[in-house]
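Q: This is input.cif, which holds mmCIF, C-alpha atoms; chains and numbers go by the auth columns:
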```
data_input
loop_
_atom_site.group_PDB
_atom_site.id
_atom_site.type_symbol
_atom_site.label_atom_id
_atom_site.label_comp_id
_atom_site.label_asym_id
_atom_site.label_seq_id
_atom_site.Cartn_x
_atom_site.Cartn_y
_atom_site.Cartn_z
_atom_site.B_iso_or_equiv
_atom_site.auth_seq_id
_atom_site.auth_asym_id
ATOM 1 C CA MET A 1 -5.186 -7.018 29.750 0.00 817 X
ATOM 2 C CA ILE A 2 -4.749 -10.108 27.595 0.00 818 X
ATOM 3 C CA LEU A 3 -6.656 -8.401 24.772 0.00 819 X
ATOM 4 C CA GLU A 4 -4.295 -5.430 24.987 0.00 820 X
ATOM 5 C CA VAL A 5 -1.238 -7.668 24.747 0.00 821 X
ATOM 6 C CA VAL A 6 -2.739 -9.512 21.767 0.00 822 X
ATOM 7 C CA SER A 7 -3.548 -6.132 20.187 0.00 823 X
ATOM 8 C CA TYR A 8 0.049 -4.964 20.519 0.00 824 X
ATOM 9 C CA ILE A 9 1.281 -8.264 19.082 0.00 825 X
ATOM 10 C CA PHE A 10 -0.949 -7.742 16.014 0.00 826 X
ATOM 11 C CA ILE A 11 0.208 -4.122 15.612 0.00 827 X
ATOM 12 C CA SER A 12 3.886 -5.138 15.845 0.00 828 X
ATOM 13 C CA LEU A 13 3.346 -7.862 13.240 0.00 829 X
ATOM 14 C CA GLY A 14 1.726 -5.328 10.911 0.00 830 X
ATOM 15 C CA LEU A 15 4.584 -2.878 11.418 0.00 831 X
ATOM 16 C CA VAL A 16 7.095 -5.592 10.485 0.00 832 X
ATOM 17 C CA ILE A 17 5.106 -6.392 7.321 0.00 833 X
ATOM 18 C CA LEU A 18 4.884 -2.710 6.315 0.00 834 X
ATOM 19 C CA VAL A 19 8.609 -2.125 6.868 0.00 835 X
ATOM 20 C CA THR A 20 9.283 -5.212 4.728 0.00 836 X
ATOM 21 C CA ALA A 21 7.126 -3.754 1.942 0.00 837 X
ATOM 22 C CA SER A 22 8.989 -0.435 2.080 0.00 838 X
ATOM 23 C CA ILE A 23 12.418 -2.083 2.040 0.00 839 X
ATOM 24 C CA ALA A 24 11.280 -4.190 -0.926 0.00 840 X
ATOM 25 C CA LEU A 25 10.291 -0.993 -2.758 0.00 841 X
ATOM 26 C CA VAL A 26 13.757 0.412 -2.206 0.00 842 X
ATOM 27 C CA ARG A 27 15.851 -2.705 -2.822 0.00 843 X
ATOM 28 C CA PHE A 28 14.257 -4.670 -5.669 0.00 844 X
ATOM 29 C CA PRO A 29 15.654 -4.047 -9.172 0.00 845 X
ATOM 30 C CA ASP A 30 12.536 -4.202 -11.338 0.00 846 X
ATOM 31 C CA ILE A 31 9.035 -2.700 -11.502 0.00 847 X
ATOM 32 C CA TYR A 32 7.341 -6.127 -11.546 0.00 848 X
ATOM 33 C CA MET A 33 9.307 -7.364 -8.522 0.00 849 X
ATOM 34 C CA ARG A 34 8.458 -4.169 -6.653 0.00 850 X
ATOM 35 C CA LEU A 35 4.768 -4.608 -7.477 0.00 851 X
ATOM 36 C CA HIS A 36 4.883 -8.272 -6.451 0.00 852 X
ATOM 37 C CA ALA A 37 6.379 -7.470 -3.050 0.00 853 X
ATOM 38 C CA SER A 38 4.738 -4.199 -2.136 0.00 854 X
ATOM 39 C CA SER A 39 1.113 -4.737 -3.165 0.00 855 X
ATOM 40 C CA LYS A 40 0.527 -7.934 -1.181 0.00 856 X
ATOM 41 C CA ALA A 41 2.652 -6.894 1.784 0.00 857 X
ATOM 42 C CA SER A 42 1.034 -3.471 2.165 0.00 858 X
ATOM 43 C CA THR A 43 -2.457 -5.006 2.028 0.00 859 X
ATOM 44 C CA GLY A 44 -1.564 -7.590 4.660 0.00 860 X
ATOM 45 C CA GLY A 45 0.066 -5.031 6.932 0.00 861 X
ATOM 46 C CA THR A 46 -2.952 -2.732 6.742 0.00 862 X
ATOM 47 C CA ILE A 47 -5.376 -5.539 7.607 0.00 863 X
ATOM 48 C CA THR A 48 -3.207 -6.765 10.499 0.00 864 X
ATOM 49 C CA ILE A 49 -2.805 -3.317 12.094 0.00 865 X
ATOM 50 C CA ILE A 50 -6.532 -2.524 11.810 0.00 866 X
ATOM 51 C CA ILE A 51 -7.456 -5.891 13.387 0.00 867 X
ATOM 52 C CA GLY A 52 -5.026 -5.104 16.203 0.00 868 X
ATOM 53 C CA LEU A 53 -6.694 -1.724 16.741 0.00 869 X
ATOM 54 C CA LEU A 54 -10.182 -3.294 16.687 0.00 870 X
ATOM 55 C CA LEU A 55 -9.166 -5.579 19.569 0.00 871 X
ATOM 56 C CA ARG A 56 -8.642 -2.530 21.801 0.00 872 X
ATOM 57 C CA GLY A 57 -12.380 -1.885 22.075 0.00 873 X
ATOM 58 C CA VAL A 58 -13.239 1.101 19.895 0.00 874 X
ATOM 59 C CA PRO A 59 -16.846 2.444 19.659 0.00 875 X
ATOM 60 C CA ILE A 60 -19.172 0.400 17.444 0.00 876 X
ATOM 61 C CA GLY A 61 -19.559 3.072 14.729 0.00 877 X
ATOM 62 C CA ASP A 62 -15.819 3.533 14.370 0.00 878 X
ATOM 63 C CA ALA A 63 -15.381 -0.252 14.294 0.00 879 X
ATOM 64 C CA GLY A 64 -17.805 -0.491 11.368 0.00 880 X
ATOM 65 C CA LYS A 65 -15.947 2.203 9.498 0.00 881 X
ATOM 66 C CA MET A 66 -12.608 0.444 10.117 0.00 882 X
ATOM 67 C CA ILE A 67 -14.054 -2.802 8.722 0.00 883 X
ATOM 68 C CA LEU A 68 -15.209 -0.730 5.724 0.00 884 X
ATOM 69 C CA VAL A 69 -11.597 0.487 5.305 0.00 885 X
ATOM 70 C CA ILE A 70 -10.411 -3.158 5.346 0.00 886 X
ATOM 71 C CA ALA A 71 -12.987 -4.056 2.676 0.00 887 X
ATOM 72 C CA LEU A 72 -12.006 -1.090 0.500 0.00 888 X
ATOM 73 C CA VAL A 73 -8.299 -1.938 0.724 0.00 889 X
ATOM 74 C CA VAL A 74 -8.934 -5.605 -0.093 0.00 890 X
ATOM 75 C CA ILE A 75 -11.042 -4.627 -3.118 0.00 891 X
ATOM 76 C CA THR A 76 -8.951 -1.758 -4.530 0.00 892 X
ATOM 77 C CA SER A 77 -5.346 -2.876 -3.974 0.00 893 X
ATOM 78 C CA PRO A 78 -5.318 -5.770 -6.520 0.00 894 X
ATOM 79 C CA ILE A 79 -7.067 -3.540 -9.069 0.00 895 X
ATOM 80 C CA ILE A 80 -4.380 -0.878 -8.636 0.00 896 X
ATOM 81 C CA SER A 81 -1.529 -3.401 -8.968 0.00 897 X
ATOM 82 C CA HIS A 82 -3.124 -4.932 -12.050 0.00 898 X
ATOM 83 C CA ALA A 83 -3.619 -1.537 -13.699 0.00 899 X
ATOM 84 C CA ILE A 84 -0.031 -0.434 -13.063 0.00 900 X
ATOM 85 C CA ALA A 85 1.466 -3.739 -14.256 0.00 901 X
ATOM 86 C CA ARG A 86 -0.745 -3.711 -17.372 0.00 902 X
ATOM 87 C CA ALA A 87 0.254 -0.130 -18.220 0.00 903 X
ATOM 88 C CA ALA A 88 3.959 -0.924 -17.685 0.00 904 X
ATOM 89 C CA HIS A 89 3.765 -4.034 -19.862 0.00 905 X
ATOM 90 C CA LYS A 90 1.835 -2.337 -22.665 0.00 906 X
ATOM 91 C CA CYS A 91 4.220 0.612 -22.764 0.00 907 X
ATOM 92 C CA GLY A 92 7.147 -1.733 -23.367 0.00 908 X
ATOM 93 C CA ASP A 93 8.787 -1.958 -19.972 0.00 909 X
ATOM 94 C CA SER A 94 10.124 -5.513 -19.989 0.00 910 X
ATOM 95 C CA GLY A 95 12.086 -5.243 -16.757 0.00 911 X
ATOM 96 C CA SER A 96 15.001 -7.538 -16.143 0.00 912 X
ATOM 97 C CA MET A 97 13.426 -10.262 -18.316 0.00 913 X
ATOM 98 C CA ALA A 98 14.498 -8.374 -21.459 0.00 914 X
ATOM 99 C CA PRO A 99 16.811 -11.092 -22.893 0.00 915 X
ATOM 100 C CA PHE A 100 13.954 -13.631 -22.951 0.00 916 X
ATOM 101 C CA GLU A 101 11.661 -11.202 -24.764 0.00 917 X
ATOM 102 C CA ASP A 102 14.357 -10.582 -27.361 0.00 918 X
ATOM 103 C CA MET A 103 14.597 -14.343 -27.925 0.00 919 X
ATOM 104 C CA GLU A 104 10.826 -14.512 -28.359 0.00 920 X
ATOM 105 C CA LYS A 105 10.988 -11.788 -30.997 0.00 921 X
ATOM 106 C CA ARG A 106 13.627 -13.717 -32.955 0.00 922 X
ATOM 107 C CA GLY A 107 11.422 -16.812 -32.863 0.00 923 X
ATOM 108 C CA GLU A 108 13.618 -18.929 -30.629 0.00 924 X
ATOM 109 C CA ASP A 109 12.356 -20.963 -27.715 0.00 925 X
ATOM 110 C CA PRO A 110 13.466 -19.272 -24.487 0.00 926 X
ATOM 111 C CA MET B 1 2.902 10.536 24.804 0.00 1256 M
ATOM 112 C CA THR B 2 1.340 7.145 24.532 0.00 1257 M
ATOM 113 C CA LEU B 3 2.620 4.125 22.687 0.00 1258 M
ATOM 114 C CA LEU B 4 0.174 4.667 19.818 0.00 1259 M
ATOM 115 C CA THR B 5 1.636 8.146 19.198 0.00 1260 M
ATOM 116 C CA ALA B 6 5.107 6.607 18.964 0.00 1261 M
ATOM 117 C CA ILE B 7 3.771 4.030 16.486 0.00 1262 M
ATOM 118 C CA SER B 8 2.247 6.857 14.405 0.00 1263 M
ATOM 119 C CA VAL B 9 5.576 8.720 14.253 0.00 1264 M
ATOM 120 C CA PHE B 10 7.342 5.486 13.285 0.00 1265 M
ATOM 121 C CA LEU B 11 4.769 4.897 10.518 0.00 1266 M
ATOM 122 C CA ILE B 12 5.410 8.392 9.139 0.00 1267 M
ATOM 123 C CA PHE B 13 9.091 7.430 8.789 0.00 1268 M
ATOM 124 C CA VAL B 14 8.000 4.188 7.073 0.00 1269 M
ATOM 125 C CA ALA B 15 5.997 6.311 4.614 0.00 1270 M
ATOM 126 C CA LEU B 16 9.107 8.416 3.959 0.00 1271 M
ATOM 127 C CA LEU B 17 11.083 5.216 3.298 0.00 1272 M
ATOM 128 C CA ALA B 18 8.371 4.011 0.922 0.00 1273 M
ATOM 129 C CA SER B 19 8.423 7.346 -0.940 0.00 1274 M
ATOM 130 C CA TYR B 20 12.122 6.925 -1.785 0.00 1275 M
ATOM 131 C CA ARG B 21 11.104 5.588 -5.196 0.00 1276 M
ATOM 132 C CA LEU B 22 8.828 8.612 -5.604 0.00 1277 M
ATOM 133 C CA PHE B 23 11.855 10.874 -5.875 0.00 1278 M
ATOM 134 C CA VAL B 24 14.548 8.727 -7.533 0.00 1279 M
ATOM 135 C CA GLY B 25 12.478 6.114 -9.397 0.00 1280 M
ATOM 136 C CA PRO B 26 13.751 5.371 -12.882 0.00 1281 M
ATOM 137 C CA THR B 27 10.336 5.038 -14.515 0.00 1282 M
ATOM 138 C CA ILE B 28 6.950 6.643 -13.912 0.00 1283 M
ATOM 139 C CA TYR B 29 5.483 3.303 -12.727 0.00 1284 M
ATOM 140 C CA ASP B 30 7.930 3.156 -9.818 0.00 1285 M
ATOM 141 C CA ARG B 31 6.766 6.585 -8.738 0.00 1286 M
ATOM 142 C CA LEU B 32 3.131 5.479 -9.047 0.00 1287 M
ATOM 143 C CA ILE B 33 3.429 2.329 -6.919 0.00 1288 M
ATOM 144 C CA SER B 34 5.537 4.217 -4.374 0.00 1289 M
ATOM 145 C CA LEU B 35 2.852 6.902 -4.046 0.00 1290 M
ATOM 146 C CA ASN B 36 0.236 4.176 -3.601 0.00 1291 M
ATOM 147 C CA VAL B 37 2.111 2.452 -0.763 0.00 1292 M
ATOM 148 C CA ALA B 38 2.878 5.749 0.985 0.00 1293 M
ATOM 149 C CA GLY B 39 -0.804 6.722 0.827 0.00 1294 M
ATOM 150 C CA LEU B 40 -1.801 3.374 2.327 0.00 1295 M
ATOM 151 C CA VAL B 41 0.651 3.859 5.222 0.00 1296 M
ATOM 152 C CA LEU B 42 -0.733 7.364 5.849 0.00 1297 M
ATOM 153 C CA THR B 43 -4.245 5.871 5.933 0.00 1298 M
ATOM 154 C CA ILE B 44 -3.127 3.659 8.817 0.00 1299 M
ATOM 155 C CA VAL B 45 -1.653 6.745 10.513 0.00 1300 M
ATOM 156 C CA PHE B 46 -5.106 8.389 10.360 0.00 1301 M
ATOM 157 C CA ILE B 47 -6.793 5.341 11.905 0.00 1302 M
ATOM 158 C CA LEU B 48 -4.138 5.204 14.650 0.00 1303 M
ATOM 159 C CA MET B 49 -4.782 8.893 15.398 0.00 1304 M
ATOM 160 C CA SER B 50 -8.515 8.165 15.628 0.00 1305 M
ATOM 161 C CA VAL B 51 -7.991 5.415 18.201 0.00 1306 M
ATOM 162 C CA ASP B 52 -5.375 7.481 20.054 0.00 1307 M
ATOM 163 C CA THR B 53 -7.368 10.696 20.446 0.00 1308 M
ATOM 164 C CA GLY B 54 -10.879 9.198 20.518 0.00 1309 M
ATOM 165 C CA LEU B 55 -12.092 11.479 17.717 0.00 1310 M
ATOM 166 C CA GLY B 56 -14.202 9.505 15.268 0.00 1311 M
ATOM 167 C CA PHE B 57 -13.911 11.722 12.212 0.00 1312 M
ATOM 168 C CA TYR B 58 -10.341 10.622 11.495 0.00 1313 M
ATOM 169 C CA VAL B 59 -11.772 7.300 10.268 0.00 1314 M
ATOM 170 C CA ASP B 60 -13.887 9.222 7.731 0.00 1315 M
ATOM 171 C CA ILE B 61 -10.713 10.965 6.554 0.00 1316 M
ATOM 172 C CA ALA B 62 -9.079 7.520 6.196 0.00 1317 M
ATOM 173 C CA ILE B 63 -11.986 6.208 4.082 0.00 1318 M
ATOM 174 C CA SER B 64 -11.828 9.206 1.738 0.00 1319 M
ATOM 175 C CA PHE B 65 -8.023 8.813 1.577 0.00 1320 M
ATOM 176 C CA VAL B 66 -8.333 5.195 0.404 0.00 1321 M
ATOM 177 C CA LEU B 67 -10.917 6.138 -2.233 0.00 1322 M
ATOM 178 C CA LEU B 68 -8.909 9.109 -3.544 0.00 1323 M
ATOM 179 C CA ASN B 69 -5.794 6.898 -3.690 0.00 1324 M
ATOM 180 C CA PHE B 70 -7.720 4.395 -5.823 0.00 1325 M
ATOM 181 C CA ILE B 71 -9.227 7.003 -8.167 0.00 1326 M
ATOM 182 C CA GLY B 72 -5.904 8.807 -8.633 0.00 1327 M
ATOM 183 C CA THR B 73 -3.886 5.680 -9.386 0.00 1328 M
ATOM 184 C CA ILE B 74 -6.480 4.285 -11.801 0.00 1329 M
ATOM 185 C CA GLY B 75 -6.601 7.661 -13.567 0.00 1330 M
ATOM 186 C CA PHE B 76 -2.823 7.765 -13.932 0.00 1331 M
ATOM 187 C CA ALA B 77 -2.728 4.181 -15.222 0.00 1332 M
ATOM 188 C CA LYS B 78 -5.436 4.985 -17.785 0.00 1333 M
ATOM 189 C CA TYR B 79 -3.547 8.081 -18.881 0.00 1334 M
ATOM 190 C CA LEU B 80 -0.245 6.195 -19.227 0.00 1335 M
ATOM 191 C CA GLU B 81 -1.681 3.201 -21.043 0.00 1336 M
ATOM 192 C CA GLY B 82 -3.352 5.115 -23.839 0.00 1337 M
ATOM 193 C CA ASP B 83 -6.570 4.562 -25.745 0.00 1338 M
ATOM 194 C CA ASP B 84 -7.454 0.871 -25.299 0.00 1339 M
ATOM 195 C CA PHE B 85 -8.043 0.872 -21.549 0.00 1340 M
ATOM 196 C CA GLU B 86 -10.964 -1.366 -20.644 0.00 1341 M
#
```
Write out the structure in this file as structure tokens.
A:
Amino acid sequence: MILEVVSYIFISLGLVILVTASIALVRFPDIYMRLHASSKASTGGTITIIIGLLLRGVPIGDAGKMILVIALVVITSPIISHAIARAAHKCGDSGSMAPFEDMEKRGEDP
Amino acid sequence: MTLLTAISVFLIFVALLASYRLFVGPTIYDRLISLNVAGLVLTIVFILMSVDTGLGFYVDIAISFVLLNFIGTIGFAKYLEGDDFE
């Protein structure tokens, strides 16, 4: 009973984090701000919801696979964010920091 | 209809909200990160369906979904960046 309540608390917390990540994707003005908000928040929401589901008492094989999903998300999500940000920066997308980059090109101190 | 089914339906709407940038995003990178977040939310939907119905193979589908998400996004980033991808 108590474990079920704690499980629903974890799942609700993860839902709030995921909705925050989605709203950040819609509302933020810049690709770097969207990456900053959505990558960390989606990873945290995934981990929180899966921990909440593990507290409900799933079979041991499924529990191992869910922990494997957590490990895969923790490993791959920063790599994905880094690759996208690196590609955006190398292809000349300077976001809303464009005035500072123009000052750097002219040799001034921003 | 249990509570987990309702949470799954709500998460599908969250994935639709996250894929807003997939349709109207100004640059290709916005579309890429939006696709990544929507795929991650759908992975959680698969795991919720596994716990809800008691069928274990949905977790295998979730694992392959995470891996395909990773491979696809890294491939797109390599294609967009050009030659000197390390």
Q: For X:Ala853, work out the shell of residues within 12 Å, counting all atoms listed in the file and skipping chain neighbours fewer than 5 positions away, then give it as a list in words.
A: Ile833, Leu834, Val835, Thr836, Ala837, Ser838, Ile839, Ala840, Leu841, Val842, Arg843, Phe844, Pro845, Asp846, Ile847, Tyr848, Ser858, Thr859, Gly860 and Ser897 of chain X; Ile1288, Ser1289 and Val1292 of chain M
Q: Would you compute, for all listed atoms of stretch 1291-1296 of chain M, the axis-aligned bounding box grown by 6 Å on each side, and then report its centre and edge lengths in Å rounded to one decimal, as JSON?
A:
```
{"center_x": 0.5, "center_y": 4.6, "center_z": 0.8, "size_x": 16.7, "size_y": 16.3, "size_z": 20.8}
```
Q: Between M:Gly1327, M:Tyr1284, M:Thr1298, M:Leu1303, which is the closest to X:Val885 once you count all atoms listed in the file?
A: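 Nearest candidate to X:Val885 out of M:Gly1327, M:Tyr1284, M:Thr1298, M:Leu1303: M:Thr1298.
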Q: Applying the PyMOL selection byres ((chain M and resi 1308-1316) around 10) to the file I just gave you, which residues come out? Please list them as a PyMOL selection string.
A: (chain X and resi 874-875+877-882+884-885) or (chain M and resi 1259-1260+1298-1307+1317-1321)
Q: Could you write out that same residue set with C-alpha atoms as a PDB file, in the frame of the given file?
A:
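Printed below is part_3.pdb as written:
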```pdb
ATOM      1  CA  VAL X 874     -13.239   1.101  19.895  1.00  0.00           C
ATOM      2  CA  PRO X 875     -16.846   2.444  19.659  1.00  0.00           C
ATOM      3  CA  GLY X 877     -19.559   3.072  14.729  1.00  0.00           C
ATOM      4  CA  ASP X 878     -15.819   3.533  14.370  1.00  0.00           C
ATOM      5  CA  ALA X 879     -15.381  -0.252  14.294  1.00  0.00           C
ATOM      6  CA  GLY X 880     -17.805  -0.491  11.368  1.00  0.00           C
ATOM      7  CA  LYS X 881     -15.947   2.203   9.498  1.00  0.00           C
ATOM      8  CA  MET X 882     -12.608   0.444  10.117  1.00  0.00           C
ATOM      9  CA  LEU X 884     -15.209  -0.730   5.724  1.00  0.00           C
ATOM     10  CA  VAL X 885     -11.597   0.487   5.305  1.00  0.00           C
TER      11      VAL X 885
ATOM     12  CA  LEU M1259       0.174   4.667  19.818  1.00  0.00           C
ATOM     13  CA  THR M1260       1.636   8.146  19.198  1.00  0.00           C
ATOM     14  CA  THR M1298      -4.245   5.871   5.933  1.00  0.00           C
ATOM     15  CA  ILE M1299      -3.127   3.659   8.817  1.00  0.00           C
ATOM     16  CA  VAL M1300      -1.653   6.745  10.513  1.00  0.00           C
ATOM     17  CA  PHE M1301      -5.106   8.389  10.360  1.00  0.00           C
ATOM     18  CA  ILE M1302      -6.793   5.341  11.905  1.00  0.00           C
ATOM     19  CA  LEU M1303      -4.138   5.204  14.650  1.00  0.00           C
ATOM     20  CA  MET M1304      -4.782   8.893  15.398  1.00  0.00           C
ATOM     21  CA  SER M1305      -8.515   8.165  15.628  1.00  0.00           C
ATOM     22  CA  VAL M1306      -7.991   5.415  18.201  1.00  0.00           C
ATOM     23  CA  ASP M1307      -5.375   7.481  20.054  1.00  0.00           C
ATOM     24  CA  ALA M1317      -9.079   7.520   6.196  1.00  0.00           C
ATOM     25  CA  ILE M1318     -11.986   6.208   4.082  1.00  0.00           C
ATOM     26  CA  SER M1319     -11.828   9.206   1.738  1.00  0.00           C
ATOM     27  CA  PHE M1320      -8.023   8.813   1.577  1.00  0.00           C
ATOM     28  CA  VAL M1321      -8.333   5.195   0.404  1.00  0.00           C
TER      29      VAL M1321
END
```
Q: Of the candidates M:Leu1323, M:Leu1297, M:Thr1328, M:Ile1283, which one gets nearest to X:Cys907 if we count only C-alpha atoms?
A: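 Once distances to X:Cys907 are computed over only C-alpha atoms, the minimum belongs to M:Ile1283.
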Q: Output the residue selection produced by the PyMOL selection byres ((chain X and resi 823) around 9) on the file above, formatted as number ranges by chain.
A: X: 818-822, 824-828, 865, 867-872
Q: For chain M, report every residue with an atom at most 6 Å from chain X (counting all atoms listed in the file), formatted as a list in words.
A: Ala1273, Ile1318, Ala1332 and Glu1336 of chain M
Q: Those same residues - C-alpha atoms - I'd like them written as a tab-separated table (two decimals), in the frame of the given file.
A:
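And here's out-v8.tsv as it stands now:
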```tsv
chain	number	residue	atom	x	y	z
M	1273	ALA	CA	8.37	4.01	0.92
M	1318	ILE	CA	-11.99	6.21	4.08
M	1332	ALA	CA	-2.73	4.18	-15.22
M	1336	GLU	CA	-1.68	3.20	-21.04
```
Q: Take the PyMOL selection byres ((chain M and resi 1274) around 10), run it mentally on this structure, and tell me the resulting residues as a list in words.
A: Ser838, Leu841 and Val842 of chain X; Phe1268, Val1269, Ala1270, Leu1271, Leu1272, Ala1273, Tyr1275, Arg1276, Leu1277, Phe1278, Val1279, Gly1280, Asp1285, Arg1286, Leu1287, Ile1288, Ser1289, Leu1290, Asn1291, Val1292, Ala1293 and Gly1294 of chain M
Q: For atom CA of M:Val1296 and atom CA of M:Gly1330, determine how far apart the two atoms are, in Å to one decimal place.
A: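 Atom CA of M:Gly1330 lies at a distance of 20.5 Å from atom CA of M:Val1296.
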Q: For atom CA of X:Leu829 and atom CA of X:Val890, quote the distance in Å rounded to one decimal.
A: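 According to the coordinates, atom CA of X:Leu829 and atom CA of X:Val890 are separated by 18.3 Å.
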Q: How many Å separate atom CA of M:Ile1326 from atom CA of M:Ile1267?
A: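 A separation of 22.7 Å between them.
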Q: Choose the residue, out of M:Ile1262, M:Leu1335, M:Leu1322, M:Ile1329, that has the smallest atom-to-atom separation from M:Leu1295; count all atoms listed in the file.
A: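 Once distances to M:Leu1295 are computed over all atoms listed in the file, the minimum belongs to M:Leu1322.
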